[in-house]
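See below for model.pdb, which holds PDB, C-alpha atoms, pLDDT in the B column.
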```
ATOM      1  CA  MET A 267     109.804  78.988 139.125  1.00 62.00           C
ATOM      2  CA  ILE A 268     112.562  76.451 138.457  1.00 68.00           C
ATOM      3  CA  LEU A 269     110.044  74.096 136.859  1.00 70.00           C
ATOM      4  CA  VAL A 270     108.888  76.894 134.571  1.00 65.00           C
ATOM      5  CA  TYR A 271     112.440  77.467 133.342  1.00 67.00           C
ATOM      6  CA  VAL A 272     112.907  73.729 132.843  1.00 68.00           C
ATOM      7  CA  PHE A 273     109.789  73.429 130.690  1.00 70.00           C
ATOM      8  CA  LEU A 274     110.649  76.571 128.721  1.00 71.00           C
ATOM      9  CA  CYS A 275     114.379  76.030 128.226  1.00 77.00           C
ATOM     10  CA  GLY A 276     114.605  72.243 128.421  1.00 75.00           C
ATOM     11  CA  PRO A 277     113.424  71.499 124.868  1.00 78.00           C
ATOM     12  CA  LEU A 278     115.726  74.193 123.439  1.00 80.00           C
ATOM     13  CA  LEU A 279     118.721  72.793 125.297  1.00 83.00           C
ATOM     14  CA  ILE A 280     117.939  69.302 123.978  1.00 81.00           C
ATOM     15  CA  ILE A 281     117.745  70.597 120.403  1.00 85.00           C
ATOM     16  CA  ILE A 282     121.036  72.484 120.773  1.00 86.00           C
ATOM     17  CA  THR A 283     122.907  69.514 122.266  1.00 86.00           C
ATOM     18  CA  THR A 284     121.544  66.996 119.739  1.00 85.00           C
ATOM     19  CA  ALA A 285     122.625  69.292 116.907  1.00 86.00           C
ATOM     20  CA  PHE A 286     126.242  68.523 117.829  1.00 88.00           C
ATOM     21  CA  ASP A 287     125.672  64.776 118.306  1.00 84.00           C
ATOM     22  CA  SER A 288     128.027  62.417 116.469  1.00 79.00           C
ATOM     23  CA  GLY A 289     125.411  59.662 116.240  1.00 77.00           C
ATOM     24  CA  ASN A 290     123.337  58.977 113.138  1.00 78.00           C
ATOM     25  CA  ILE A 291     120.079  58.963 115.095  1.00 78.00           C
ATOM     26  CA  MET A 292     118.846  61.862 117.196  1.00 74.00           C
ATOM     27  CA  SER A 293     119.312  60.919 120.841  1.00 74.00           C
ATOM     28  CA  PHE A 294     119.756  62.581 124.200  1.00 73.00           C
ATOM     29  CA  PRO A 295     122.230  62.756 125.820  1.00 75.00           C
ATOM     30  CA  PRO A 296     124.470  62.927 122.718  1.00 76.00           C
ATOM     31  CA  LYS A 297     127.026  60.208 122.105  1.00 78.00           C
ATOM     32  CA  GLY A 298     129.800  62.553 120.995  1.00 80.00           C
ATOM     33  CA  PHE A 299     130.641  65.863 119.358  1.00 84.00           C
ATOM     34  CA  SER A 300     130.341  66.508 115.624  1.00 83.00           C
ATOM     35  CA  LEU A 301     129.613  69.337 113.187  1.00 87.00           C
ATOM     36  CA  GLN A 302     128.532  67.058 110.349  1.00 88.00           C
ATOM     37  CA  TRP A 303     124.830  67.881 110.738  1.00 87.00           C
ATOM     38  CA  PHE A 304     125.489  71.583 110.283  1.00 90.00           C
ATOM     39  CA  SER A 305     127.406  70.671 107.135  1.00 90.00           C
ATOM     40  CA  ASN A 306     124.439  68.603 105.965  1.00 88.00           C
ATOM     41  CA  ALA A 307     122.085  71.531 106.535  1.00 88.00           C
ATOM     42  CA  PHE A 308     124.280  74.046 104.688  1.00 89.00           C
ATOM     43  CA  HIS A 309     124.970  71.680 101.786  1.00 88.00           C
ATOM     44  CA  SER A 310     121.334  70.695 101.317  1.00 89.00           C
ATOM     45  CA  ARG A 311     120.069  72.384  98.178  1.00 90.00           C
ATOM     46  CA  THR A 312     116.467  71.937  99.322  1.00 90.00           C
ATOM     47  CA  PHE A 313     117.019  73.568 102.700  1.00 91.00           C
ATOM     48  CA  MET A 314     119.014  76.481 101.309  1.00 92.00           C
ATOM     49  CA  THR A 315     116.480  77.127  98.534  1.00 93.00           C
ATOM     50  CA  THR A 316     113.505  77.031 100.863  1.00 93.00           C
ATOM     51  CA  LEU A 317     115.404  79.168 103.389  1.00 92.00           C
ATOM     52  CA  GLY A 318     115.777  81.846 100.721  1.00 92.00           C
ATOM     53  CA  ILE A 319     112.090  81.603  99.808  1.00 94.00           C
ATOM     54  CA  SER A 320     111.023  81.812 103.468  1.00 94.00           C
ATOM     55  CA  PHE A 321     113.236  84.850 104.053  1.00 92.00           C
ATOM     56  CA  LYS A 322     111.991  86.558 100.888  1.00 95.00           C
ATOM     57  CA  VAL A 323     108.335  85.916 101.687  1.00 95.00           C
ATOM     58  CA  ALA A 324     108.740  86.993 105.318  1.00 95.00           C
ATOM     59  CA  VAL A 325     110.489  90.274 104.442  1.00 94.00           C
ATOM     60  CA  ILE A 326     108.153  91.276 101.604  1.00 96.00           C
ATOM     61  CA  SER A 327     104.956  90.254 103.406  1.00 96.00           C
ATOM     62  CA  THR A 328     106.039  92.060 106.591  1.00 95.00           C
ATOM     63  CA  LEU A 329     106.867  95.276 104.743  1.00 95.00           C
ATOM     64  CA  ILE A 330     103.565  95.203 102.833  1.00 96.00           C
ATOM     65  CA  ALA A 331     101.669  94.395 106.021  1.00 95.00           C
ATOM     66  CA  MET A 332     103.327  97.327 107.799  1.00 95.00           C
ATOM     67  CA  LEU A 333     102.309  99.699 104.998  1.00 95.00           C
ATOM     68  CA  ILE A 334      98.736  98.560 105.579  1.00 94.00           C
ATOM     69  CA  GLY A 335      98.756  97.813 109.300  1.00 93.00           C
ATOM     70  CA  ILE A 336     100.348 101.014 110.650  1.00 93.00           C
ATOM     71  CA  PRO A 337      97.810 103.381 109.003  1.00 92.00           C
ATOM     72  CA  VAL A 338      94.977 101.070 110.095  1.00 91.00           C
ATOM     73  CA  ALA A 339      96.282 101.035 113.672  1.00 91.00           C
ATOM     74  CA  TYR A 340      96.482 104.836 113.563  1.00 90.00           C
ATOM     75  CA  ALA A 341      92.936 105.153 112.215  1.00 87.00           C
ATOM     76  CA  LEU A 342      91.584 102.776 114.855  1.00 87.00           C
ATOM     77  CA  SER A 343      93.391 104.593 117.668  1.00 85.00           C
ATOM     78  CA  ARG A 344      92.900 108.192 116.529  1.00 78.00           C
ATOM     79  CA  ASN A 345      89.296 108.331 115.394  1.00 72.00           C
ATOM     80  CA  ASN A 346      85.899 107.232 116.645  1.00 73.00           C
ATOM     81  CA  TYR A 347      83.420 106.500 113.890  1.00 73.00           C
ATOM     82  CA  ARG A 348      80.548 104.217 113.059  1.00 76.00           C
ATOM     83  CA  GLY A 349      81.678 100.732 112.084  1.00 74.00           C
ATOM     84  CA  LYS A 350      85.022 101.026 113.867  1.00 78.00           C
ATOM     85  CA  ALA A 351      84.430  97.848 115.890  1.00 80.00           C
ATOM     86  CA  ALA A 352      83.449  95.905 112.767  1.00 83.00           C
ATOM     87  CA  LEU A 353      86.531  97.140 110.901  1.00 82.00           C
ATOM     88  CA  GLN A 354      88.770  96.173 113.799  1.00 83.00           C
ATOM     89  CA  SER A 355      87.215  92.701 113.933  1.00 85.00           C
ATOM     90  CA  ILE A 356      87.797  92.175 110.215  1.00 86.00           C
ATOM     91  CA  PHE A 357      91.486  93.082 110.373  1.00 85.00           C
ATOM     92  CA  LEU A 358      92.093  91.027 113.530  1.00 86.00           C
ATOM     93  CA  SER A 359      90.094  87.978 112.390  1.00 87.00           C
ATOM     94  CA  PRO A 360      93.159  86.050 111.084  1.00 89.00           C
ATOM     95  CA  ILE A 361      94.279  85.686 114.713  1.00 88.00           C
ATOM     96  CA  ILE A 362      90.953  84.143 115.723  1.00 88.00           C
ATOM     97  CA  VAL A 363      90.332  81.819 112.765  1.00 89.00           C
ATOM     98  CA  PRO A 364      92.337  78.547 112.973  1.00 90.00           C
ATOM     99  CA  GLY A 365      95.387  78.514 110.712  1.00 90.00           C
ATOM    100  CA  VAL A 366      94.286  75.344 108.929  1.00 92.00           C
ATOM    101  CA  VAL A 367      90.945  76.935 108.061  1.00 93.00           C
ATOM    102  CA  LEU A 368      92.688  80.060 106.773  1.00 93.00           C
ATOM    103  CA  GLY A 369      95.135  78.002 104.726  1.00 93.00           C
ATOM    104  CA  PHE A 370      92.371  76.002 103.074  1.00 94.00           C
ATOM    105  CA  ALA A 371      90.313  79.151 102.418  1.00 94.00           C
ATOM    106  CA  PHE A 372      93.318  80.879 100.817  1.00 94.00           C
ATOM    107  CA  PHE A 373      94.004  77.783  98.725  1.00 93.00           C
ATOM    108  CA  ARG A 374      90.422  77.651  97.455  1.00 93.00           C
ATOM    109  CA  PHE A 375      90.256  81.371  96.686  1.00 93.00           C
ATOM    110  CA  LEU A 376      93.776  82.379  95.650  1.00 93.00           C
ATOM    111  CA  THR A 377      94.998  79.207  93.977  1.00 91.00           C
ATOM    112  CA  LEU A 378      91.867  77.532  92.616  1.00 92.00           C
ATOM    113  CA  LYS A 379      89.518  80.488  92.065  1.00 91.00           C
ATOM    114  CA  LEU A 380      91.905  83.282  91.041  1.00 91.00           C
ATOM    115  CA  GLN A 381      94.536  80.827  89.711  1.00 90.00           C
ATOM    116  CA  LEU A 382      97.423  82.876  91.037  1.00 92.00           C
ATOM    117  CA  ASP A 383     100.920  81.425  90.932  1.00 92.00           C
ATOM    118  CA  VAL A 384     102.234  79.697  94.031  1.00 92.00           C
ATOM    119  CA  PHE A 385     104.572  82.484  95.176  1.00 93.00           C
ATOM    120  CA  THR A 386     101.936  85.213  94.805  1.00 94.00           C
ATOM    121  CA  SER A 387      99.346  83.155  96.693  1.00 94.00           C
ATOM    122  CA  LEU A 388     101.875  82.428  99.433  1.00 95.00           C
ATOM    123  CA  LEU A 389     102.813  86.099  99.697  1.00 95.00           C
ATOM    124  CA  ILE A 390      99.206  87.308  99.913  1.00 96.00           C
ATOM    125  CA  GLY A 391      98.395  84.672 102.516  1.00 95.00           C
ATOM    126  CA  HIS A 392     101.330  85.729 104.680  1.00 96.00           C
ATOM    127  CA  VAL A 393     100.452  89.419 104.387  1.00 96.00           C
ATOM    128  CA  ILE A 394      96.965  88.705 105.686  1.00 95.00           C
ATOM    129  CA  ILE A 395      98.089  86.580 108.627  1.00 95.00           C
ATOM    130  CA  VAL A 396     100.703  89.070 109.912  1.00 95.00           C
ATOM    131  CA  ILE A 397      98.662  92.274 109.591  1.00 95.00           C
ATOM    132  CA  PRO A 398      96.846  91.643 112.914  1.00 94.00           C
ATOM    133  CA  TYR A 399     100.144  91.483 114.823  1.00 93.00           C
ATOM    134  CA  ILE A 400     101.180  94.862 113.452  1.00 94.00           C
ATOM    135  CA  ILE A 401      97.815  96.431 114.234  1.00 93.00           C
ATOM    136  CA  ARG A 402      97.794  95.077 117.787  1.00 91.00           C
ATOM    137  CA  VAL A 403     101.390  96.015 118.661  1.00 91.00           C
ATOM    138  CA  VAL A 404     101.484  99.439 116.978  1.00 92.00           C
ATOM    139  CA  GLY A 405      97.947 100.120 118.193  1.00 89.00           C
ATOM    140  CA  SER A 406      99.021  99.460 121.786  1.00 88.00           C
ATOM    141  CA  SER A 407     101.804 102.035 121.430  1.00 88.00           C
ATOM    142  CA  LEU A 408      99.405 104.569 119.912  1.00 88.00           C
ATOM    143  CA  GLU A 409      96.908 104.124 122.750  1.00 85.00           C
ATOM    144  CA  ASN A 410      99.516 105.444 125.186  1.00 81.00           C
ATOM    145  CA  LEU A 411     100.344 108.427 122.978  1.00 83.00           C
ATOM    146  CA  ASP A 412      99.059 111.929 123.612  1.00 81.00           C
ATOM    147  CA  PHE A 413      97.687 112.997 120.227  1.00 82.00           C
ATOM    148  CA  SER A 414      97.710 116.645 121.289  1.00 84.00           C
ATOM    149  CA  ILE A 415     101.304 116.807 120.023  1.00 86.00           C
ATOM    150  CA  GLU A 416     100.053 115.982 116.541  1.00 83.00           C
ATOM    151  CA  ASP A 417      97.332 118.619 116.821  1.00 83.00           C
ATOM    152  CA  ALA A 418      99.974 121.128 117.906  1.00 87.00           C
ATOM    153  CA  ALA A 419     102.140 120.305 114.872  1.00 86.00           C
ATOM    154  CA  VAL A 420      99.158 120.769 112.547  1.00 84.00           C
ATOM    155  CA  SER A 421      98.273 124.064 114.197  1.00 85.00           C
ATOM    156  CA  LEU A 422     101.830 125.230 113.542  1.00 82.00           C
ATOM    157  CA  GLY A 423     101.481 124.593 109.826  1.00 82.00           C
ATOM    158  CA  ALA A 424     102.408 120.949 109.310  1.00 82.00           C
ATOM    159  CA  THR A 425     100.189 118.815 107.117  1.00 84.00           C
ATOM    160  CA  LYS A 426      98.495 115.756 108.618  1.00 83.00           C
ATOM    161  CA  LEU A 427     100.815 113.484 106.635  1.00 84.00           C
ATOM    162  CA  LYS A 428     103.935 115.353 107.711  1.00 86.00           C
ATOM    163  CA  ALA A 429     102.785 115.401 111.327  1.00 86.00           C
ATOM    164  CA  PHE A 430     102.214 111.642 111.151  1.00 85.00           C
ATOM    165  CA  PHE A 431     105.736 110.910 109.906  1.00 85.00           C
ATOM    166  CA  LEU A 432     107.604 113.514 111.978  1.00 84.00           C
ATOM    167  CA  VAL A 433     105.600 113.463 115.198  1.00 86.00           C
ATOM    168  CA  ILE A 434     103.613 110.236 115.545  1.00 87.00           C
ATOM    169  CA  LEU A 435     105.976 107.594 114.141  1.00 86.00           C
ATOM    170  CA  PRO A 436     109.097 108.722 116.061  1.00 85.00           C
ATOM    171  CA  ASN A 437     107.124 108.366 119.288  1.00 87.00           C
ATOM    172  CA  VAL A 438     106.071 104.778 118.570  1.00 87.00           C
ATOM    173  CA  THR A 439     109.375 103.506 117.187  1.00 85.00           C
ATOM    174  CA  SER A 440     109.607 100.762 119.793  1.00 84.00           C
ATOM    175  CA  GLY A 441     106.148  99.542 118.795  1.00 87.00           C
ATOM    176  CA  VAL A 442     107.077  99.562 115.108  1.00 89.00           C
ATOM    177  CA  ILE A 443     110.252  97.569 115.839  1.00 87.00           C
ATOM    178  CA  ALA A 444     108.355  95.040 117.918  1.00 86.00           C
ATOM    179  CA  ALA A 445     105.639  94.760 115.262  1.00 91.00           C
ATOM    180  CA  PHE A 446     108.196  94.162 112.510  1.00 90.00           C
ATOM    181  CA  MET A 447     109.977  91.454 114.482  1.00 88.00           C
ATOM    182  CA  LEU A 448     106.763  89.714 115.535  1.00 89.00           C
ATOM    183  CA  ALA A 449     105.319  89.798 112.016  1.00 93.00           C
ATOM    184  CA  PHE A 450     108.555  88.606 110.433  1.00 92.00           C
ATOM    185  CA  ILE A 451     108.963  85.699 112.850  1.00 90.00           C
ATOM    186  CA  ASN A 452     105.326  84.623 112.466  1.00 92.00           C
ATOM    187  CA  SER A 453     105.605  84.701 108.686  1.00 94.00           C
ATOM    188  CA  PHE A 454     108.954  82.923 108.586  1.00 92.00           C
ATOM    189  CA  ASN A 455     107.831  80.147 110.943  1.00 90.00           C
ATOM    190  CA  ASN A 456     104.281  79.757 109.643  1.00 92.00           C
ATOM    191  CA  VAL A 457     103.152  76.201 108.895  1.00 92.00           C
ATOM    192  CA  PRO A 458      99.327  75.918 108.564  1.00 92.00           C
ATOM    193  CA  VAL A 459      98.859  78.514 105.800  1.00 93.00           C
ATOM    194  CA  SER A 460     102.125  77.657 104.025  1.00 94.00           C
ATOM    195  CA  LEU A 461     101.182  73.983 104.015  1.00 92.00           C
ATOM    196  CA  PHE A 462      98.211  74.729 101.742  1.00 94.00           C
ATOM    197  CA  LEU A 463      99.828  77.401  99.569  1.00 93.00           C
ATOM    198  CA  THR A 464     103.222  75.905  98.762  1.00 90.00           C
ATOM    199  CA  GLY A 465     103.705  73.893  95.606  1.00 85.00           C
ATOM    200  CA  PRO A 466     106.305  72.356  93.276  1.00 81.00           C
ATOM    201  CA  GLY A 467     109.432  74.511  93.234  1.00 82.00           C
ATOM    202  CA  VAL A 468     108.071  76.976  95.797  1.00 89.00           C
ATOM    203  CA  SER A 469     108.147  75.827  99.410  1.00 91.00           C
ATOM    204  CA  THR A 470     109.107  77.316 102.740  1.00 93.00           C
ATOM    205  CA  LEU A 471     111.726  76.065 105.153  1.00 91.00           C
ATOM    206  CA  PRO A 472     109.296  74.875 107.887  1.00 91.00           C
ATOM    207  CA  ILE A 473     107.440  72.766 105.305  1.00 92.00           C
ATOM    208  CA  SER A 474     110.731  71.285 104.055  1.00 92.00           C
ATOM    209  CA  MET A 475     111.745  70.491 107.619  1.00 90.00           C
ATOM    210  CA  MET A 476     108.440  68.710 108.210  1.00 89.00           C
ATOM    211  CA  SER A 477     108.897  66.664 105.043  1.00 89.00           C
ATOM    212  CA  TYR A 478     112.443  65.743 106.061  1.00 88.00           C
ATOM    213  CA  VAL A 479     111.414  64.567 109.524  1.00 86.00           C
ATOM    214  CA  GLU A 480     108.844  62.190 108.001  1.00 84.00           C
ATOM    215  CA  TYR A 481     111.601  60.030 106.505  1.00 84.00           C
ATOM    216  CA  ASN A 482     114.735  60.933 108.489  1.00 82.00           C
ATOM    217  CA  TYR A 483     115.540  60.999 112.182  1.00 82.00           C
ATOM    218  CA  ASP A 484     119.095  62.266 112.151  1.00 83.00           C
ATOM    219  CA  PRO A 485     120.156  65.499 113.923  1.00 86.00           C
ATOM    220  CA  THR A 486     120.158  67.573 110.709  1.00 88.00           C
ATOM    221  CA  ILE A 487     116.886  69.217 111.734  1.00 89.00           C
ATOM    222  CA  SER A 488     118.355  70.022 115.165  1.00 89.00           C
ATOM    223  CA  ALA A 489     121.329  71.702 113.490  1.00 89.00           C
ATOM    224  CA  LEU A 490     119.010  73.622 111.192  1.00 89.00           C
ATOM    225  CA  SER A 491     116.921  74.685 114.192  1.00 89.00           C
ATOM    226  CA  VAL A 492     120.036  76.073 115.882  1.00 89.00           C
ATOM    227  CA  ILE A 493     120.897  77.979 112.707  1.00 87.00           C
ATOM    228  CA  LEU A 494     117.390  79.465 112.623  1.00 86.00           C
ATOM    229  CA  MET A 495     117.596  80.518 116.283  1.00 86.00           C
ATOM    230  CA  VAL A 496     120.893  82.293 115.656  1.00 86.00           C
ATOM    231  CA  MET A 497     119.511  83.941 112.501  1.00 82.00           C
ATOM    232  CA  THR A 498     116.432  85.150 114.405  1.00 81.00           C
ATOM    233  CA  VAL A 499     118.540  86.729 117.139  1.00 82.00           C
ATOM    234  CA  LEU A 500     120.801  88.411 114.565  1.00 83.00           C
ATOM    235  CA  ILE A 501     117.845  89.744 112.576  1.00 77.00           C
ATOM    236  CA  MET A 502     116.244  91.146 115.710  1.00 75.00           C
ATOM    237  CA  PHE A 503     119.539  92.792 116.682  1.00 79.00           C
ATOM    238  CA  VAL A 504     120.093  94.327 113.227  1.00 74.00           C
ATOM    239  CA  VAL A 505     116.512  95.608 112.936  1.00 69.00           C
ATOM    240  CA  GLU A 506     116.559  97.131 116.405  1.00 69.00           C
ATOM    241  CA  LYS A 507     119.933  98.815 115.851  1.00 71.00           C
ATOM    242  CA  THR A 508     119.014 100.048 112.370  1.00 64.00           C
ATOM    243  CA  LEU A 509     115.686 101.556 113.386  1.00 58.00           C
ATOM    244  CA  GLY A 510     117.214 102.891 116.578  1.00 56.00           C
ATOM    245  CA  ILE A 511     119.946 104.717 114.649  1.00 46.00           C
ATOM    246  CA  SER A 512     117.396 106.047 112.151  1.00 47.00           C
ATOM    247  CA  ASN A 513     115.229 107.376 114.957  1.00 48.00           C
ATOM    248  CA  PHE A 514     118.234 109.001 116.640  1.00 39.00           C
ATOM    249  CA  ALA A 515     119.201 110.664 113.347  1.00 39.00           C
ATOM    250  CA  LYS A 516     115.783 112.239 113.105  1.00 43.00           C
TER     251      LYS A 516
END
```

If you took the structure in this file and wrote it as structure tokens, what would it be?
Amino acid sequence: MILVYVFLCGPLLIIITTAFDSGNIMSFPPKGFSLQWFSNAFHSRTFMTTLGISFKVAVISTLIAMLIGIPVAYALSRNNYRGKAALQSIFLSPIIVPGVVLGFAFFRFLTLKLQLDVFTSLLIGHVIIVIPYIIRVVGSSLENLDFSIEDAAVSLGATKLKAFFLVILPNVTSGVIAAFMLAFINSFNNVPVSLFLTGPGVSTLPISMMSYVEYNYDPTISALSVILMVMTVLIMFVVEKTLGISNFAK
């Protein structure tokens, strides 16, 4: 068990400690304490611009994917019909197909064939790759739900749509929260698809970090990684609290 924790937490601890290193080359153990690499990260126009693009793409693609994925998860869990297995396979295929293959396919179709602009292609690509996470997580919550409560609401006069929003969704709030977080994180941190769909003036933070590491070996990337870890924790906390309060209000 101790070895498991070492392998899981060891790399993170190294990144965190090297982020505060005073040396000009990333090394472990650190030679001293310094905050200069955090300053470099915050004052880098490239990193801050791509951070904004990554955040924008992740939020928009996750929200669009949830508008598609939640109804699909409901339809797959609630009804049995011919072609259900095929439909499920189609929506979950982005998890199975290698990311590099997906990225190249999106590039050929969205960028070269349809000639969409870089941001639109990137957004569509991210929507497609995060939909399966929403379907799987929300679908798992729906599988444990007794749909007789929805039938009871309909029998009492509620429409199917109203019963869905007032009866079904409040009972799978935890699944919706988990799906949002998982989809957002996977979109924000995606590399294979973004690598093919980014272009001049429109790039994501992971791609910028990869480009930086090719020519620099200072702890700036470690500092930026720490910033991203803190941001991820804060986003998860805010989303959970916000949706939790909304559910309580209902």

Which polymer residues have any atom within 8 Å of an atom of Ala331 in chain A, counting all atoms listed in the file, with same-chain residues fewer than 3 positions away left out, as a list in words?
Ser327, Thr328, Ile334, Gly335, Val393, Ile394, Val396, Ile397 and Ile400 of chain A

Apply the PyMOL selection byres ((chain A and resi 341) around 12) to the file shown and report the selected residues as a PyMOL selection string.
chain A and resi 334-340+342-347+350-351+353-354+401+404-405+408-409+430

Quick one: everything within 9 Å of Tyr478 in chain A, counting all atoms listed in the file, minus sequence neighbours fewer than 5 positions away in the same chain. Send it as an mmCIF file with C-alpha atoms, in the coordinates of the input.
```
data_model
loop_
_atom_site.group_PDB
_atom_site.id
_atom_site.type_symbol
_atom_site.label_atom_id
_atom_site.label_comp_id
_atom_site.auth_asym_id
_atom_site.auth_seq_id
_atom_site.Cartn_x
_atom_site.Cartn_y
_atom_site.Cartn_z
ATOM 1 C CA ILE A 473 107.440 72.766 105.305
ATOM 2 C CA TYR A 483 115.540 60.999 112.182
ATOM 3 C CA ILE A 487 116.886 69.217 111.734
#
```

Can you measure CA of Thr316 in chain A to CA of Ala449 in chain A for me? One decimal in Å is fine.
18.8 Å

Using the chain letters and numbering of this document, enumerate as a VMD selection string the residues selected by the PyMOL selection byres ((chain A and resi 452-456) around 7).
chain A and resid 320 to 321 324 392 396 448 to 451 457 to 460 472

Can you translate the PyMOL selection byres ((chain A and resi 373) around 12) into the concrete residues it hits in this file, as an mmCIF file with C-alpha atoms, in the coordinates of the input?
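Result file is out10.cif:
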```
data_model
loop_
_atom_site.group_PDB
_atom_site.id
_atom_site.type_symbol
_atom_site.label_atom_id
_atom_site.label_comp_id
_atom_site.auth_asym_id
_atom_site.auth_seq_id
_atom_site.Cartn_x
_atom_site.Cartn_y
_atom_site.Cartn_z
ATOM 1 C CA VAL A 366 94.286 75.344 108.929
ATOM 2 C CA VAL A 367 90.945 76.935 108.061
ATOM 3 C CA LEU A 368 92.688 80.060 106.773
ATOM 4 C CA GLY A 369 95.135 78.002 104.726
ATOM 5 C CA PHE A 370 92.371 76.002 103.074
ATOM 6 C CA ALA A 371 90.313 79.151 102.418
ATOM 7 C CA PHE A 372 93.318 80.879 100.817
ATOM 8 C CA ARG A 374 90.422 77.651 97.455
ATOM 9 C CA PHE A 375 90.256 81.371 96.686
ATOM 10 C CA LEU A 376 93.776 82.379 95.650
ATOM 11 C CA THR A 377 94.998 79.207 93.977
ATOM 12 C CA LEU A 378 91.867 77.532 92.616
ATOM 13 C CA LYS A 379 89.518 80.488 92.065
ATOM 14 C CA LEU A 380 91.905 83.282 91.041
ATOM 15 C CA GLN A 381 94.536 80.827 89.711
ATOM 16 C CA LEU A 382 97.423 82.876 91.037
ATOM 17 C CA ASP A 383 100.920 81.425 90.932
ATOM 18 C CA VAL A 384 102.234 79.697 94.031
ATOM 19 C CA THR A 386 101.936 85.213 94.805
ATOM 20 C CA SER A 387 99.346 83.155 96.693
ATOM 21 C CA LEU A 388 101.875 82.428 99.433
ATOM 22 C CA ILE A 390 99.206 87.308 99.913
ATOM 23 C CA GLY A 391 98.395 84.672 102.516
ATOM 24 C CA PRO A 458 99.327 75.918 108.564
ATOM 25 C CA VAL A 459 98.859 78.514 105.800
ATOM 26 C CA SER A 460 102.125 77.657 104.025
ATOM 27 C CA LEU A 461 101.182 73.983 104.015
ATOM 28 C CA PHE A 462 98.211 74.729 101.742
ATOM 29 C CA LEU A 463 99.828 77.401 99.569
ATOM 30 C CA THR A 464 103.222 75.905 98.762
ATOM 31 C CA GLY A 465 103.705 73.893 95.606
#
```

In terms of the shortest atom-to-atom distance over only C-alpha atoms, which of A:Ser407, A:Thr439, A:Asn306, A:Thr315 is closest to Lys507 in chain A?
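Ranking A:Ser407, A:Thr439, A:Asn306, A:Thr315 by distance to Lys507 in chain A, first place goes to A:Thr439.
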
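Shortest atom-to-atom contact with Ala429 in chain A among A:Phe413, A:Ile330, A:Ala445, A:Asp484: A:Phe413, counting only C-alpha atoms.
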
Residue with the minimum atom-to-atom distance to Pro485 in chain A, picked from A:Gly349, A:Pro398, A:Gly289, A:Gly276 with all atoms listed in the file counted, is A:Gly289

Report, in Å to a single decimal, how far apart CA of Ile282 in chain A and CA of Ser491 in chain A are.
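So the answer is 8.1 Å.
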
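With CA of Glu416 in chain A on one side and CA of Phe431 in chain A on the other, the separation reads 10.1 Å.
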
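Between Ser359 in chain A and the residues A:Ile395, A:Asn482, A:Val325, A:Leu333, the shortest atom-to-atom distance, using all atoms listed in the file, involves A:Ile395.
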
Box time for range 305-312 of chain A: axis-aligned, enclosing all its listed atoms, 6 Å extra on each side; report centre and edge lengths in Å to one decimal, as JSON.
```
{"center_x": 121.9, "center_y": 71.3, "center_z": 102.7, "size_x": 22.9, "size_y": 17.4, "size_z": 21.0}
```

For a quick check of understanding, using only C-alpha atoms, which of A:Asp417, A:Met475, A:Leu411, A:Leu269 has the smallest distance to Pro436 in chain A?
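Answer, going by the shortest atom-to-atom distance: A:Leu411.
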
Minimum-distance residue to Ile326 in chain A, chosen among A:Phe385, A:Ala489, A:Ser477, A:Arg402 (using all atoms listed in the file):
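Using all atoms listed in the file, Ile326 in chain A sits closest to A:Phe385.
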
Please, can range 291-298 of chain A be completed to N, CA, C and O atoms and returned as a PDB file, keeping the file's coordinate frame?
```pdb
ATOM      1  N   ILE A 291     121.468  58.854 114.678  1.00 78.00           N
ATOM      2  CA  ILE A 291     120.079  58.963 115.095  1.00 78.00           C
ATOM      3  C   ILE A 291     119.998  59.972 116.238  1.00 78.00           C
ATOM      4  O   ILE A 291     120.820  59.961 117.150  1.00 78.00           O
ATOM      5  N   MET A 292     119.008  60.842 116.172  1.00 74.00           N
ATOM      6  CA  MET A 292     118.846  61.862 117.196  1.00 74.00           C
ATOM      7  C   MET A 292     118.588  61.216 118.562  1.00 74.00           C
ATOM      8  O   MET A 292     117.632  60.447 118.727  1.00 74.00           O
ATOM      9  N   SER A 293     119.456  61.503 119.513  1.00 74.00           N
ATOM     10  CA  SER A 293     119.312  60.919 120.841  1.00 74.00           C
ATOM     11  C   SER A 293     119.827  61.890 121.890  1.00 74.00           C
ATOM     12  O   SER A 293     120.635  62.774 121.604  1.00 74.00           O
ATOM     13  N   PHE A 294     119.329  61.729 123.092  1.00 73.00           N
ATOM     14  CA  PHE A 294     119.756  62.581 124.200  1.00 73.00           C
ATOM     15  C   PHE A 294     119.963  61.710 125.433  1.00 73.00           C
ATOM     16  O   PHE A 294     119.102  60.890 125.771  1.00 73.00           O
ATOM     17  N   PRO A 295     121.112  61.839 126.106  1.00 75.00           N
ATOM     18  CA  PRO A 295     122.230  62.756 125.820  1.00 75.00           C
ATOM     19  C   PRO A 295     123.009  62.325 124.579  1.00 75.00           C
ATOM     20  O   PRO A 295     122.971  61.157 124.200  1.00 75.00           O
ATOM     21  N   PRO A 296     123.718  63.248 123.934  1.00 76.00           N
ATOM     22  CA  PRO A 296     124.470  62.927 122.718  1.00 76.00           C
ATOM     23  C   PRO A 296     125.621  61.960 122.993  1.00 76.00           C
ATOM     24  O   PRO A 296     126.173  61.934 124.093  1.00 76.00           O
ATOM     25  N   LYS A 297     125.968  61.203 121.971  1.00 78.00           N
ATOM     26  CA  LYS A 297     127.026  60.208 122.105  1.00 78.00           C
ATOM     27  C   LYS A 297     128.422  60.798 121.925  1.00 78.00           C
ATOM     28  O   LYS A 297     129.406  60.221 122.352  1.00 78.00           O
ATOM     29  N   GLY A 298     128.504  61.929 121.240  1.00 80.00           N
ATOM     30  CA  GLY A 298     129.800  62.553 120.995  1.00 80.00           C
ATOM     31  C   GLY A 298     129.607  63.910 120.358  1.00 80.00           C
ATOM     32  O   GLY A 298     128.479  64.405 120.235  1.00 80.00           O
TER      33      GLY A 298
END
```
